[in-house]
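Colleague: Just so it is clear, I am handing over structure_19.cif, which has mmCIF, C-alpha atoms.
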data_upload
loop_
_atom_site.label_atom_id
_atom_site.label_comp_id
_atom_site.auth_asym_id
_atom_site.auth_seq_id
_atom_site.Cartn_x
_atom_site.Cartn_y
_atom_site.Cartn_z
CA MET A 1 -17.84 10.68 17.67
CA GLY A 2 -14.14 9.91 17.34
CA GLN A 3 -12.31 9.27 14.11
CA THR A 4 -11.11 5.95 12.79
CA MET A 5 -7.39 5.47 12.19
CA VAL A 6 -7.92 5.64 8.45
CA GLU A 7 -9.67 8.99 8.81
CA ARG A 8 -6.93 10.31 11.08
CA ILE A 9 -4.07 9.21 8.83
CA ALA A 10 -5.77 10.54 5.71
CA GLN A 11 -6.34 13.86 7.47
CA THR A 12 -2.60 14.30 8.05
CA HIS A 13 -2.03 13.94 4.29
CA LEU A 14 -4.66 16.47 3.17
CA MET A 15 -3.37 18.86 0.52
CA GLU A 16 -5.30 21.67 2.21
CA GLY A 17 -3.64 20.96 5.55
CA PRO A 18 -4.67 18.74 8.48
CA ALA A 19 -7.13 21.08 10.18
CA ARG A 20 -10.36 19.64 8.75
CA PRO A 21 -11.59 16.47 10.48
CA LEU A 22 -12.42 13.77 7.94
CA ARG A 23 -15.31 11.33 7.96
CA ALA A 24 -16.30 8.37 5.81
CA GLY A 25 -17.70 9.54 2.49
CA ASP A 26 -15.57 12.69 2.25
CA VAL A 27 -13.88 13.15 -1.13
CA VAL A 28 -10.49 14.78 -0.65
CA SER A 29 -7.17 15.47 -2.31
CA LEU A 30 -4.31 13.65 -0.60
CA ARG A 31 -0.54 13.68 -0.92
CA PRO A 32 0.87 10.18 -0.36
CA ARG A 33 4.35 9.51 0.97
CA HIS A 34 5.02 7.06 -1.88
CA VAL A 35 3.32 5.44 -4.86
CA LEU A 36 4.42 2.02 -6.11
CA THR A 37 4.14 0.85 -9.69
CA HIS A 38 5.49 -2.40 -11.09
CA ASP A 39 5.46 -3.82 -14.62
CA ASN A 40 2.39 -1.64 -15.20
CA THR A 41 4.68 1.40 -14.98
CA ALA A 42 4.72 1.37 -18.79
CA ALA A 43 0.93 1.72 -18.85
CA VAL A 44 1.09 4.49 -16.23
CA MET A 45 3.68 6.25 -18.40
CA LYS A 46 1.13 6.34 -21.23
CA LYS A 47 -1.48 7.85 -18.89
CA TYR A 48 1.12 10.34 -17.69
CA VAL A 49 1.85 11.49 -21.24
CA SER A 50 -1.86 11.59 -22.13
CA ILE A 51 -2.62 14.15 -19.39
CA GLY A 52 0.07 16.45 -20.75
CA ALA A 53 2.58 15.97 -17.95
CA THR A 54 6.17 16.92 -18.69
CA GLY A 55 7.90 16.39 -15.36
CA VAL A 56 7.42 14.43 -12.14
CA ALA A 57 6.28 16.71 -9.33
CA ASP A 58 8.28 14.95 -6.61
CA SER A 59 10.77 12.31 -7.70
CA ASP A 60 10.88 10.97 -4.13
CA GLN A 61 7.25 9.79 -4.30
CA PRO A 62 7.32 7.13 -7.05
CA VAL A 63 8.94 3.73 -6.57
CA PHE A 64 9.30 1.42 -9.59
CA VAL A 65 9.74 -2.33 -9.02
CA LEU A 66 9.73 -4.81 -11.91
CA ASP A 67 8.37 -8.05 -10.46
CA HIS A 68 5.38 -9.42 -12.37
CA ASP A 69 6.66 -10.88 -15.65
CA ILE A 70 10.38 -11.19 -15.07
CA GLN A 71 10.58 -14.67 -16.62
CA ASN A 72 9.40 -13.22 -19.94
CA ARG A 73 12.54 -12.75 -22.02
CA SER A 74 10.72 -11.70 -25.17
CA GLU A 75 12.03 -8.71 -27.08
CA ALA A 76 8.81 -6.80 -26.39
CA ASN A 77 9.01 -7.29 -22.62
CA LEU A 78 12.72 -6.52 -22.43
CA ASP A 79 12.09 -3.35 -24.43
CA LYS A 80 9.31 -2.37 -22.00
CA TYR A 81 11.60 -2.93 -19.04
CA SER A 82 14.31 -0.87 -20.73
CA ARG A 83 11.94 2.04 -21.34
CA ILE A 84 10.80 1.97 -17.71
CA GLY A 85 14.41 2.05 -16.51
CA GLU A 86 15.26 4.93 -18.84
CA PHE A 87 12.24 6.92 -17.65
CA ALA A 88 13.20 6.33 -14.02
CA ALA A 89 16.76 7.48 -14.66
CA ALA A 90 15.61 10.59 -16.52
CA GLN A 91 13.21 11.56 -13.71
CA GLY A 92 15.46 10.58 -10.78
CA ILE A 93 13.01 7.93 -9.57
CA ARG A 94 13.97 4.94 -7.41
CA PHE A 95 14.10 1.90 -9.69
CA TYR A 96 14.35 -1.76 -8.72
CA PRO A 97 15.02 -3.89 -11.83
CA ALA A 98 13.74 -7.39 -12.50
CA GLY A 99 15.12 -9.88 -10.00
CA THR A 100 15.43 -7.44 -7.10
CA GLY A 101 12.34 -8.73 -5.30
CA ILE A 102 8.58 -8.45 -4.93
CA GLY A 103 7.37 -4.86 -4.98
CA HIS A 104 5.27 -4.90 -1.82
CA GLN A 105 8.04 -6.66 0.10
CA ILE A 106 10.54 -4.04 -1.03
CA MET A 107 8.17 -1.28 0.08
CA VAL A 108 7.86 -2.62 3.63
CA SER A 109 11.45 -3.83 4.06
CA HIS A 110 13.30 -0.87 2.53
CA GLY A 111 11.79 1.88 4.66
CA PHE A 112 9.18 3.22 2.25
CA VAL A 113 6.32 2.29 4.61
CA VAL A 114 6.26 3.67 8.15
CA PRO A 115 3.49 3.93 10.76
CA GLY A 116 1.05 6.75 10.10
CA ALA A 117 2.09 7.24 6.48
CA LEU A 118 -0.18 7.15 3.44
CA VAL A 119 1.45 4.83 0.90
CA VAL A 120 -0.41 3.78 -2.24
CA GLY A 121 0.31 1.45 -5.11
CA SER A 122 -1.04 0.73 -8.55
CA ASP A 123 -1.68 -2.82 -7.42
CA SER A 124 -4.65 -4.28 -5.57
CA HIS A 125 -2.54 -5.75 -2.75
CA SER A 126 -1.22 -2.40 -1.55
CA ASN A 127 -3.41 -3.04 1.51
CA MET A 128 -0.35 -4.91 2.82
CA TYR A 129 1.23 -1.68 4.07
CA GLY A 130 -1.39 -1.49 6.79
CA ALA A 131 0.45 -4.24 8.65
CA LEU A 132 2.96 -1.56 9.69
CA GLY A 133 0.32 0.85 10.93
CA ALA A 134 0.31 2.81 7.68
CA LEU A 135 -2.64 3.62 5.45
CA GLY A 136 -2.00 1.45 2.41
CA THR A 137 -4.51 1.33 -0.42
CA PRO A 138 -4.57 0.67 -4.17
CA VAL A 139 -4.96 3.32 -6.85
CA VAL A 140 -5.76 2.95 -10.54
CA ARG A 141 -3.19 3.78 -13.20
CA THR A 142 -4.70 7.18 -13.93
CA ASP A 143 -4.38 8.13 -10.26
CA ALA A 144 -0.77 6.92 -10.21
CA ALA A 145 -0.04 9.12 -13.23
CA ALA A 146 -1.73 12.05 -11.51
CA ILE A 147 0.48 11.55 -8.44
CA TRP A 148 3.58 11.56 -10.64
CA ALA A 149 2.44 14.77 -12.31
CA THR A 150 0.99 16.69 -9.36
CA GLY A 151 1.97 14.87 -6.16
CA GLU A 152 -1.66 14.28 -5.19
CA PHE A 153 -4.82 12.30 -6.01
CA TRP A 154 -8.50 12.29 -5.15
CA TRP A 155 -9.80 9.67 -2.71
CA GLN A 156 -13.11 8.98 -1.02
CA ILE A 157 -12.69 8.10 2.66
CA PRO A 158 -14.12 4.58 3.12
CA ARG A 159 -16.28 3.32 5.95
CA THR A 160 -14.38 1.35 8.58
CA ILE A 161 -15.07 -2.14 9.90
CA LYS A 162 -13.48 -3.17 13.21
CA VAL A 163 -12.36 -6.80 13.42
CA SER A 164 -11.44 -8.11 16.88
CA LEU A 165 -8.99 -11.01 16.94
CA GLU A 166 -8.96 -12.92 20.23
CA GLY A 167 -6.91 -15.84 21.50
CA SER A 168 -3.85 -17.31 19.80
CA LEU A 169 -3.12 -19.44 16.76
CA PRO A 170 -2.58 -23.16 17.38
CA GLY A 171 0.42 -24.89 15.88
CA GLY A 172 0.33 -25.21 12.12
CA VAL A 173 -2.14 -22.34 11.66
CA THR A 174 -0.87 -19.26 9.83
CA GLY A 175 -1.91 -15.71 9.16
CA LYS A 176 -3.10 -16.78 5.73
CA ASP A 177 -5.46 -19.25 7.40
CA VAL A 178 -6.90 -16.38 9.44
CA ILE A 179 -7.74 -14.19 6.48
CA ILE A 180 -9.04 -17.08 4.36
CA THR A 181 -11.33 -18.04 7.24
CA LEU A 182 -12.61 -14.47 7.51
CA CYS A 183 -13.23 -14.42 3.76
CA GLY A 184 -15.28 -17.59 4.10
CA LEU A 185 -17.25 -16.60 7.19
CA TYR A 186 -18.17 -13.11 6.01
CA ASN A 187 -18.69 -13.32 2.28
CA GLN A 188 -21.78 -11.20 1.68
CA GLY A 189 -20.04 -7.89 1.04
CA GLU A 190 -19.69 -6.98 4.71
CA VAL A 191 -16.31 -5.32 4.10
CA LEU A 192 -16.64 -4.50 0.40
CA ASN A 193 -14.79 -1.24 -0.36
CA ALA A 194 -14.30 -0.68 3.37
CA ALA A 195 -11.27 -0.14 5.57
CA VAL A 196 -10.68 -3.01 7.99
CA GLU A 197 -9.02 -2.25 11.33
CA PHE A 198 -7.74 -5.24 13.30
CA HIS A 199 -7.83 -5.02 17.08
CA GLY A 200 -8.16 -7.39 20.04
CA SER A 201 -5.87 -9.39 22.29
CA GLY A 202 -5.01 -11.80 19.47
CA VAL A 203 -3.10 -9.16 17.51
CA ALA A 204 -0.16 -9.19 19.94
CA GLY A 205 0.46 -12.88 19.23
CA LEU A 206 0.75 -12.39 15.47
CA THR A 207 4.20 -12.20 13.94
CA MET A 208 5.05 -9.47 11.46
CA ASP A 209 4.88 -11.96 8.59
CA GLU A 210 1.42 -13.08 9.71
CA ARG A 211 0.25 -9.48 9.80
CA PHE A 212 1.65 -8.88 6.32
CA SER A 213 -0.25 -11.91 5.03
CA ILE A 214 -3.53 -10.86 6.63
CA ALA A 215 -3.29 -7.22 5.53
CA ASN A 216 -2.23 -8.22 2.01
CA MET A 217 -5.18 -10.55 1.57
CA THR A 218 -7.83 -8.18 2.85
CA THR A 219 -7.89 -7.45 -0.88
CA GLU A 220 -9.42 -10.90 -1.46
CA TRP A 221 -11.97 -10.01 1.22
CA GLY A 222 -13.02 -6.99 -0.83
CA ALA A 223 -11.54 -4.32 1.45
CA LEU A 224 -9.57 -1.23 0.44
CA VAL A 225 -7.45 -1.12 3.60
CA GLY A 226 -6.21 -3.68 6.13
CA TRP A 227 -4.77 -1.83 9.13
CA PHE A 228 -2.99 -3.11 12.26
CA PRO A 229 -2.08 -1.05 15.34
CA VAL A 230 1.57 -0.37 16.08
CA ASP A 231 2.95 -2.39 19.00
CA ASP A 232 6.21 -3.98 20.17
CA VAL A 233 6.17 -6.43 17.26
CA THR A 234 5.96 -3.56 14.78
CA VAL A 235 8.67 -1.53 16.49
CA THR A 236 11.02 -4.51 16.72
CA TYR A 237 10.61 -5.18 13.00
CA LEU A 238 11.22 -1.55 12.05
CA ARG A 239 14.29 -1.29 14.27
CA GLY A 240 15.67 -4.46 12.73
CA ARG A 241 15.18 -3.10 9.22
CA ARG A 242 16.85 0.17 10.21
CA GLU A 243 19.92 -1.70 11.39
CA ILE A 244 20.09 -3.69 8.16
CA LEU A 245 19.54 -0.67 5.91
CA GLY A 246 21.88 1.54 7.91
#
Before we go any further, please render this structure as C-alpha cells.

Modeller:
Amino acid sequence: MGQTMVERIAQTHLMEGPARPLRAGDVVSLRPRHVLTHDNTAAVMKKYVSIGATGVADSDQPVFVLDHDIQNRSEANLDKYSRIGEFAAAQGIRFYPAGTGIGHQIMVSHGFVVPGALVVGSDSHSNMYGALGALGTPVVRTDAAAIWATGEFWWQIPRTIKVSLEGSLPGGVTGKDVIITLCGLYNQGEVLNAAVEFHGSGVAGLTMDERFSIANMTTEWGALVGWFPVDDVTVTYLRGRREILG
C-alpha cells in the first residue's frame, strides 16, 4: 500500500532520518521548517521558560507575527508586544510587528512555506499552508515552545481523507463557498482530526486565493491538514512571489 502525501512529507522531516516509512497512527519526532506564533508568543514564552530552556535551538525556525489584537492600545498589550519584540531581537528571530499583516498570509507570501515542507503554527488555521503543497498543521503552545528549545516536536500521523473536486465554479461562487458546502454536507465527524487531500479535475480551475481559503477553513471542518497538489497555478504563484521578494 502506498503512502499518502502527508505521510511522505512527514517522513522527510523525521528527526531519525527519512528511511522509515510512516503510516497513520505512528507517533514520531519531527523537525519543521518553520513555526509561526502570533500574539500568543507571550504565552509560548512562558511555556519556554517553564521547561527550563535558555536558548532557541534554531533561530531560523520561529516566525513571530503580531496580528490578533493590534487595535488594542492598552498599556498591558503594548507592554506584551514590546516584550515579544525584545525576545525576538535577543534570539535573532524574524519578527513582524503589529500592522505588518496577517500571520498566515505572511507565511505563504514571504517564502516561509514551500511545497513539500513541514510548516506548523500555534494557530488552528495553519492548515492554510497546504494550499502550496506543504504539510501545514497547528500545534499547541507547549509544542511551539518545545520547537524553540529543541527544534522538534512529537506528532501522531493522522489518517487521510481524499476529496475529489470535479467540474468548475460558476460565476459568483468562491473557494469559501466550496469549503462551507463541504462542512455542511459532511458534518458527522468524517474528517475530524484527519488530513484532507484535495484531488480531481476541479483543482486545476481553482485560483491560488481559492485554494488558500479552502485549505485555511478545513479547520472549521475539523481537519488537521488541508493539502493541495502542486501544479502550474502553484508554480506561477511561487515564481511571482520570488520576483517580488528578490

Colleague: By how many Å are atom CA of A:Ala76 and atom CA of A:Thr100 apart?

Modeller: 20.4 Å

Colleague: Can you pull out the residues contacting A:Ile161? Cut-off 9 Å, using only C-alpha atoms, and skip same-chain residues under 3 positions away; I want them as a ChimeraX atom specification.

Modeller: /A:190-191,194-198

Colleague: Which residues match the PyMOL selection byres ((chain A and resi 156) around 6) in the file above, as a list in words?

Modeller: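 In the shown coordinates, the PyMOL selection byres ((chain A and resi 156) around 6) covers Gly25, Asp26, Val27, Trp155 and Ile157 of chain A.
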
Colleague: Which is closest to A:Thr219 among A:Ala149, A:Ile180, A:Met45, A:Ile93, if we use only C-alpha atoms?

Modeller: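 Nearest to A:Thr219: A:Ile180.
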
Colleague: Check the smallest atom-to-atom distance from each of A:Glu152, A:Gly111, A:Ala117, A:Thr174 to A:Gly136 using all atoms listed in the file, then report the winner.

Modeller: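 Between A:Glu152, A:Gly111, A:Ala117, A:Thr174, the residue approaching A:Gly136 most closely is A:Ala117.
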
Colleague: Tell me, as a list in words, which residues lie within 12 Å of A:Glu243, counting only C-alpha atoms; anything in the same chain fewer than 5 positions away does not count.

Modeller: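 In the requested form, the answer reads Ser109, His110, Gly111, Thr236, Tyr237 and Leu238 of chain A.
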
Colleague: So which residues touch stretch 2-18 of chain A within 8 Å, counting all atoms listed in the file, skipping near sequence neighbours fewer than 4 positions away, as a ChimeraX atom specification?

Modeller: /A:22-24,28-32,116-118,134-135,152,157,160,195,197

Colleague: Mind giving me the straight-line distance from atom CA of A:Asn216 to atom CA of A:Ser59 in Å, one decimal?

Modeller: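 Between these atoms lies a distance of 26.2 Å.
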
Colleague: Restricting the calculation to all atoms listed in the file: of A:Gly246, A:Ala89, A:Gly222, A:Gly167, which residue gets closest to A:Ser201?

Modeller: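 Closest residue, counting all atoms listed in the file: A:Gly167.
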
Colleague: Take atom CA of A:Tyr96 and atom CA of A:His38 and report the distance between them in Å, one decimal.

Modeller: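 Value for the atom CA of A:Tyr96-atom CA of A:His38 distance: 9.2 Å.
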
Colleague: At a cut-off of 9 Å, using all atoms listed in the file, what residues contact A:Asn40? Leave out same-chain residues fewer than 5 positions from it and give the result as a VMD selection string.

Modeller: chain A and resid 45 66 68 122 to 123 141

Colleague: From the list A:Trp221, A:Phe95, A:Trp148, A:Tyr129, which residue is nearest A:Met208 when using only C-alpha atoms?

Modeller: A:Tyr129

Colleague: Quick one: apply the PyMOL selection byres ((chain A and resi 203) around 9) to the file and drop the selected residues here as a short mmCIF file (atom, residue, chain, number, x, y, z; two decimals) with C-alpha atoms, keeping the file's coordinate frame.

Modeller:
data_model
loop_
_atom_site.label_atom_id
_atom_site.label_comp_id
_atom_site.auth_asym_id
_atom_site.auth_seq_id
_atom_site.Cartn_x
_atom_site.Cartn_y
_atom_site.Cartn_z
CA SER A 164 -11.44 -8.11 16.88
CA LEU A 165 -8.99 -11.01 16.94
CA GLU A 166 -8.96 -12.92 20.23
CA GLY A 167 -6.91 -15.84 21.50
CA SER A 168 -3.85 -17.31 19.80
CA PHE A 198 -7.74 -5.24 13.30
CA HIS A 199 -7.83 -5.02 17.08
CA GLY A 200 -8.16 -7.39 20.04
CA SER A 201 -5.87 -9.39 22.29
CA GLY A 202 -5.01 -11.80 19.47
CA ALA A 204 -0.16 -9.19 19.94
CA GLY A 205 0.46 -12.88 19.23
CA LEU A 206 0.75 -12.39 15.47
CA THR A 207 4.20 -12.20 13.94
CA ARG A 211 0.25 -9.48 9.80
CA PHE A 228 -2.99 -3.11 12.26
CA PRO A 229 -2.08 -1.05 15.34
#

Colleague: Give me the result of the PyMOL selection byres ((chain A and resi 70-74) around 12) on this file, residue by residue, as a list in words.

Modeller: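 Applied to this file, the PyMOL selection byres ((chain A and resi 70-74) around 12) selects His38, Asp39, Val65, Leu66, Asp67, His68, Asp69, Glu75, Ala76, Asn77, Leu78, Asp79, Lys80, Tyr81, Pro97, Ala98, Gly99, Thr100, Gly101 and Ile102 of chain A.
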
Colleague: For those residues, write C-alpha atoms to a file as a PDB file, in the coordinates of the input.

Modeller:
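To be explicit, this is the file written out as part.pdb:
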ATOM      1  CA  HIS A  38       5.490  -2.400 -11.090  1.00  0.00           C
ATOM      2  CA  ASP A  39       5.460  -3.820 -14.620  1.00  0.00           C
ATOM      3  CA  VAL A  65       9.740  -2.330  -9.020  1.00  0.00           C
ATOM      4  CA  LEU A  66       9.730  -4.810 -11.910  1.00  0.00           C
ATOM      5  CA  ASP A  67       8.370  -8.050 -10.460  1.00  0.00           C
ATOM      6  CA  HIS A  68       5.380  -9.420 -12.370  1.00  0.00           C
ATOM      7  CA  ASP A  69       6.660 -10.880 -15.650  1.00  0.00           C
ATOM      8  CA  GLU A  75      12.030  -8.710 -27.080  1.00  0.00           C
ATOM      9  CA  ALA A  76       8.810  -6.800 -26.390  1.00  0.00           C
ATOM     10  CA  ASN A  77       9.010  -7.290 -22.620  1.00  0.00           C
ATOM     11  CA  LEU A  78      12.720  -6.520 -22.430  1.00  0.00           C
ATOM     12  CA  ASP A  79      12.090  -3.350 -24.430  1.00  0.00           C
ATOM     13  CA  LYS A  80       9.310  -2.370 -22.000  1.00  0.00           C
ATOM     14  CA  TYR A  81      11.600  -2.930 -19.040  1.00  0.00           C
ATOM     15  CA  PRO A  97      15.020  -3.890 -11.830  1.00  0.00           C
ATOM     16  CA  ALA A  98      13.740  -7.390 -12.500  1.00  0.00           C
ATOM     17  CA  GLY A  99      15.120  -9.880 -10.000  1.00  0.00           C
ATOM     18  CA  THR A 100      15.430  -7.440  -7.100  1.00  0.00           C
ATOM     19  CA  GLY A 101      12.340  -8.730  -5.300  1.00  0.00           C
ATOM     20  CA  ILE A 102       8.580  -8.450  -4.930  1.00  0.00           C
TER      21      ILE A 102
END

Colleague: Ranking A:Trp227, A:Phe212, A:Phe64, A:Phe153 by minimum distance to A:Glu86 and counting all atoms listed in the file, which one comes first?

Modeller: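 Among the listed residues, the smallest separation from A:Glu86 belongs to A:Phe64.
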
Colleague: Ranking A:Ile147, A:Arg83, A:Ala42, A:Thr137 by minimum distance to A:Asp60 and counting all atoms listed in the file, which one comes first?

Modeller: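 Once distances to A:Asp60 are computed over all atoms listed in the file, the minimum belongs to A:Ile147.
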
Colleague: Please tell me which residues are no farther than 6 Å from (-4.1, -6.5, 4.5) in the file, counting only C-alpha atoms, and write them as a PyMOL selection string.

Modeller: chain A and resi 127-128+214-218+226

Colleague: Report as JSON the centre and the edge lengths, in Å to one decimal, of the axis-aligned box holding every listed atom of stretch 60-66 of chain A, padded by 5 Å on each side.

Modeller:
{"center_x": 9.1, "center_y": 3.1, "center_z": -8.0, "size_x": 13.6, "size_y": 25.8, "size_z": 17.8}
